[in-house]
Each structure stands twice: as structure tokens, then as C-alpha cells.
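Q: The structure under discussion is supplied below as C-alpha cells; questions concerning it will follow.
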Amino acid sequence: MPLYNSRNQQKNKRYKHTRTLLLWSLVLASTSWCQAQTIEWLSFEEAIALHKKAPKKILIDVYTDWCGYCKKMERVTYGNATIAALVNTYFYPVKFNAEQKEILNYNGKTYRFVQKGRRGFHEFAVELLNGKMSYPSTVFLGNDASLLDKIPGYLNPQLMEKILVYLAEEKFITQDWDSFDKNFKSKLD
């Protein structure tokens, strides 16, 4: 009888050891996977400083802290590895809180937070969105920092991938959106 218990104890120890190794392997794999897919967000000031040194398009995610679709877009769209790779490769990515309190100086103009009722808005968000305050909104600035496009609302990964490729590869110069969309081949998983 003692031999049987001893064998069971050894099997249990091996089982626990194997289970622990497997668990740690999964944790490490998921950690490295998560790190590989994150967007390297910048402040607007950081993006402009980098843009002056090496011009590149700028993507501005205009959001608010209370916006449910903003959080969903952060998690689902920007959390997608393919989207993150496209954004990090072709754009200086900026997260801009449309209700932030910090003053922003850009192109000789000062933008401030304006208190309105219980909340308020930042003047730069108003300028970016031409006063059509919709969250989330995605604004694209070209290589010369001029407005390329602004798109209101939630963008799922499938639509965001098309938009990113269309703008990053400057397909808009030679193709209209409909023909590009019809022939687009996705690289999403």
C-alpha cells in the first residue's frame, strides 16, 4: 500500500509541475502577443515634433473618457495586431481627449478647454472636427500635416484596415474609394 501512494504522489507532483509549466508558457506567450500588437500612441505635440524631423501621416483618435464606442474601438480595432502594425508603420498615432484640460499651442494658435454645462470641450477637437463633435472620430493628416480626412464613428477592424491602406499607400491619388474597396484584399486574421 505505501508503494501505491508513493507512485500516486510522484504522478501528482509531475502533473502539477507540468501544469505549472504550461500555465507559465501561456502567460508568457499571451504577454508577448499583447506587446506585439500595441499601438505606440503619442501626444499631439510629440507627433508634430517627430513629423518635423521625418514627415509621415498622422492619425488622430479623437475620444472622450465616457464614450463606450471609443473604448470598444480601442479594444477591438486598435487592439488588432494587423491594425496596430499598419498604424505604427505608416502613421504617427495620436490619442486626443476632446475634453482634456491641457492647453495646446499649434501653428501659432492657442487651444483651450471650454467649460460647457457639466462637461465641456477642447477647442482643438472642435477645429479638427469642424464643430461636428462625434466620438470616436478618426482624423488623418497628410505628410504636410494638412487634413486628409476625418471619419466620425466607430470603425471596425475590417473598415479601418481598408482606410489605413487607402491613405497610407496613397491609393486615393489614382483610385476612387469604390474601386479600391471592391478590389481590396484583407490581411486580417
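By order in the C-alpha cells, chains are A, B, ...; within a chain, residues start at 1; ligands start at 1, following the order shown.
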For stretch 100-116 of chain A, work out the shell of residues within 12 Å, counting only C-alpha atoms and skipping chain neighbours fewer than 4 positions away, then give it as a PyMOL selection string.
A: chain A and resi 43-49+62-65+95-96+120-128+145-146
Q: Run DSSP on the backbone and give me the residues of stretch 45-188 of chain A it puts in alpha helix (DSSP H), as an MDAnalysis selection string.
A: chainID A and resid 45:53 68:72 81:90 123:128 157:168 177:183
Q: Okay, now the selection with N, CA and C atoms, as a compact mmCIF listing (two decimals), in the first residue's frame?
A:
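Saved result, out-v1.txt, follows:
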# COMPACT_ATOMS: atom_id res chain seq x y z
N GLU A 45 1.72 66.96 -29.55
CA GLU A 45 2.99 67.68 -29.60
C GLU A 45 4.14 66.77 -30.00
N GLU A 46 4.17 65.55 -29.45
CA GLU A 46 5.22 64.58 -29.81
C GLU A 46 5.14 64.21 -31.28
N ALA A 47 3.92 64.00 -31.77
CA ALA A 47 3.74 63.63 -33.17
C ALA A 47 4.21 64.74 -34.10
N ILE A 48 3.89 65.98 -33.76
CA ILE A 48 4.31 67.11 -34.60
C ILE A 48 5.83 67.25 -34.59
N ALA A 49 6.45 67.07 -33.43
CA ALA A 49 7.91 67.15 -33.34
C ALA A 49 8.57 66.06 -34.19
N LEU A 50 8.05 64.84 -34.12
CA LEU A 50 8.58 63.76 -34.96
C LEU A 50 8.32 64.03 -36.43
N HIS A 51 7.15 64.56 -36.71
CA HIS A 51 6.75 64.87 -38.09
C HIS A 51 7.68 65.90 -38.72
N LYS A 52 8.14 66.85 -37.93
CA LYS A 52 9.07 67.87 -38.44
C LYS A 52 10.41 67.26 -38.82
N LYS A 53 10.84 66.25 -38.06
CA LYS A 53 12.11 65.58 -38.34
C LYS A 53 12.00 64.60 -39.51
N GLY A 68 -18.50 54.91 -24.80
CA GLY A 68 -18.45 53.45 -24.88
C GLY A 68 -17.85 52.95 -26.18
N TYR A 69 -18.23 53.56 -27.31
CA TYR A 69 -17.69 53.13 -28.59
C TYR A 69 -16.20 53.48 -28.73
N CYS A 70 -15.77 54.52 -28.04
CA CYS A 70 -14.34 54.85 -28.03
C CYS A 70 -13.56 53.72 -27.38
N LYS A 71 -14.08 53.22 -26.26
CA LYS A 71 -13.42 52.12 -25.55
C LYS A 71 -13.45 50.84 -26.38
N LYS A 72 -14.57 50.61 -27.06
CA LYS A 72 -14.67 49.43 -27.91
C LYS A 72 -13.67 49.52 -29.07
N ALA A 81 -3.78 43.12 -34.08
CA ALA A 81 -2.35 43.14 -34.43
C ALA A 81 -2.09 43.72 -35.81
N THR A 82 -2.93 43.41 -36.79
CA THR A 82 -2.75 43.91 -38.15
C THR A 82 -2.95 45.43 -38.19
N ILE A 83 -3.98 45.91 -37.50
CA ILE A 83 -4.26 47.34 -37.45
C ILE A 83 -3.11 48.07 -36.74
N ALA A 84 -2.67 47.52 -35.62
CA ALA A 84 -1.57 48.14 -34.87
C ALA A 84 -0.31 48.23 -35.73
N ALA A 85 -0.01 47.18 -36.48
CA ALA A 85 1.18 47.19 -37.33
C ALA A 85 1.06 48.26 -38.42
N LEU A 86 -0.10 48.37 -39.04
CA LEU A 86 -0.31 49.39 -40.08
C LEU A 86 -0.17 50.80 -39.49
N VAL A 87 -0.80 51.02 -38.35
CA VAL A 87 -0.75 52.34 -37.71
C VAL A 87 0.69 52.69 -37.34
N ASN A 88 1.39 51.78 -36.67
CA ASN A 88 2.76 52.06 -36.23
C ASN A 88 3.72 52.25 -37.40
N THR A 89 3.47 51.59 -38.51
CA THR A 89 4.37 51.67 -39.67
C THR A 89 4.17 52.96 -40.46
N TYR A 90 2.93 53.33 -40.72
CA TYR A 90 2.65 54.41 -41.67
C TYR A 90 2.22 55.74 -41.06
N GLU A 123 -10.97 73.19 -27.67
CA GLU A 123 -11.09 73.94 -28.92
C GLU A 123 -10.38 73.25 -30.09
N PHE A 124 -9.31 72.51 -29.81
CA PHE A 124 -8.61 71.83 -30.89
C PHE A 124 -9.47 70.71 -31.47
N ALA A 125 -10.21 70.00 -30.62
CA ALA A 125 -11.13 68.96 -31.11
C ALA A 125 -12.20 69.59 -32.00
N VAL A 126 -12.70 70.76 -31.60
CA VAL A 126 -13.71 71.45 -32.40
C VAL A 126 -13.14 71.79 -33.78
N GLU A 127 -11.90 72.27 -33.80
CA GLU A 127 -11.27 72.61 -35.08
C GLU A 127 -11.03 71.37 -35.94
N LEU A 128 -10.53 70.31 -35.32
CA LEU A 128 -10.27 69.07 -36.07
C LEU A 128 -11.55 68.52 -36.70
N PRO A 157 -12.33 46.68 -37.32
CA PRO A 157 -11.02 46.39 -37.91
C PRO A 157 -11.06 46.24 -39.44
N GLN A 158 -12.11 45.65 -39.97
CA GLN A 158 -12.20 45.44 -41.42
C GLN A 158 -12.24 46.77 -42.18
N LEU A 159 -13.04 47.70 -41.72
CA LEU A 159 -13.12 49.00 -42.37
C LEU A 159 -11.86 49.82 -42.11
N MET A 160 -11.36 49.77 -40.88
CA MET A 160 -10.15 50.53 -40.54
C MET A 160 -8.96 50.07 -41.38
N GLU A 161 -8.82 48.77 -41.60
CA GLU A 161 -7.72 48.28 -42.41
C GLU A 161 -7.77 48.89 -43.82
N LYS A 162 -8.95 48.90 -44.42
CA LYS A 162 -9.11 49.47 -45.77
C LYS A 162 -8.72 50.95 -45.78
N ILE A 163 -9.21 51.69 -44.80
CA ILE A 163 -8.93 53.13 -44.73
C ILE A 163 -7.44 53.38 -44.56
N LEU A 164 -6.82 52.62 -43.66
CA LEU A 164 -5.38 52.80 -43.41
C LEU A 164 -4.55 52.53 -44.66
N VAL A 165 -4.86 51.47 -45.36
CA VAL A 165 -4.11 51.13 -46.58
C VAL A 165 -4.38 52.17 -47.66
N TYR A 166 -5.63 52.57 -47.82
CA TYR A 166 -6.01 53.57 -48.84
C TYR A 166 -5.23 54.87 -48.65
N LEU A 167 -5.12 55.31 -47.40
CA LEU A 167 -4.42 56.56 -47.11
C LEU A 167 -2.91 56.38 -47.04
N ALA A 168 -2.44 55.33 -46.38
CA ALA A 168 -1.00 55.12 -46.20
C ALA A 168 -0.30 54.92 -47.53
N TRP A 177 -12.57 55.55 -54.02
CA TRP A 177 -12.79 54.62 -52.90
C TRP A 177 -13.52 53.36 -53.35
N ASP A 178 -14.56 53.50 -54.18
CA ASP A 178 -15.37 52.34 -54.56
C ASP A 178 -14.56 51.28 -55.30
N SER A 179 -13.73 51.68 -56.24
CA SER A 179 -12.92 50.68 -56.96
C SER A 179 -11.84 50.08 -56.06
N PHE A 180 -11.27 50.89 -55.19
CA PHE A 180 -10.31 50.37 -54.22
C PHE A 180 -10.98 49.34 -53.31
N ASP A 181 -12.13 49.70 -52.77
CA ASP A 181 -12.87 48.84 -51.85
C ASP A 181 -13.23 47.50 -52.51
N LYS A 182 -13.65 47.54 -53.75
CA LYS A 182 -14.06 46.34 -54.47
C LYS A 182 -12.90 45.35 -54.66
N ASN A 183 -11.70 45.87 -54.86
CA ASN A 183 -10.54 45.02 -55.15
C ASN A 183 -9.62 44.77 -53.95
Q: Hey, what does DSSP flag as strand (DSSP E or B) within stretch 90-177 of chain A? Can you give it to me as a PyMOL selection string?
A: chain A and resi 91-97+104-106+109-111+113-116+119-122+137-141+147-152
Q: At a cut-off of 9 Å, using only C-alpha atoms, what residues contact stretch 136-141 of chain A? Leave out same-chain residues fewer than 6 positions from it and give the result as a CSV table (one decimal) with C-alpha atoms, in the first residue's frame.
A:
chain,number,residue,atom,x,y,z
A,56,LYS,CA,4.8,60.9,-42.1
A,57,LYS,CA,1.0,60.9,-42.0
A,58,ILE,CA,-0.7,61.5,-38.6
A,59,LEU,CA,-3.7,59.5,-37.3
A,60,ILE,CA,-5.6,61.3,-34.5
A,61,ASP,CA,-8.1,59.2,-32.4
A,62,VAL,CA,-10.5,61.9,-31.0
A,63,TYR,CA,-12.2,60.3,-28.0
A,64,THR,CA,-13.7,61.0,-24.6
A,67,CYS,CA,-17.6,57.2,-24.7
A,69,TYR,CA,-17.7,53.1,-28.6
A,70,CYS,CA,-14.3,54.9,-28.0
A,71,LYS,CA,-13.4,52.1,-25.5
A,73,MET,CA,-12.6,50.9,-30.8
A,91,PHE,CA,1.4,57.0,-39.1
A,128,LEU,CA,-10.3,69.1,-36.1
A,129,LEU,CA,-13.9,68.0,-36.4
A,147,LEU,CA,-6.2,67.5,-43.4
A,148,LEU,CA,-6.6,64.3,-45.4
A,149,ASP,CA,-9.9,63.1,-44.0
A,150,LYS,CA,-12.0,62.9,-40.8
A,151,ILE,CA,-14.2,60.0,-40.2
A,152,PRO,CA,-16.8,60.1,-37.4
A,153,GLY,CA,-18.0,57.0,-35.5
A,154,TYR,CA,-16.8,53.6,-34.6
A,155,LEU,CA,-14.6,51.8,-37.2
A,167,LEU,CA,-4.4,56.6,-47.1
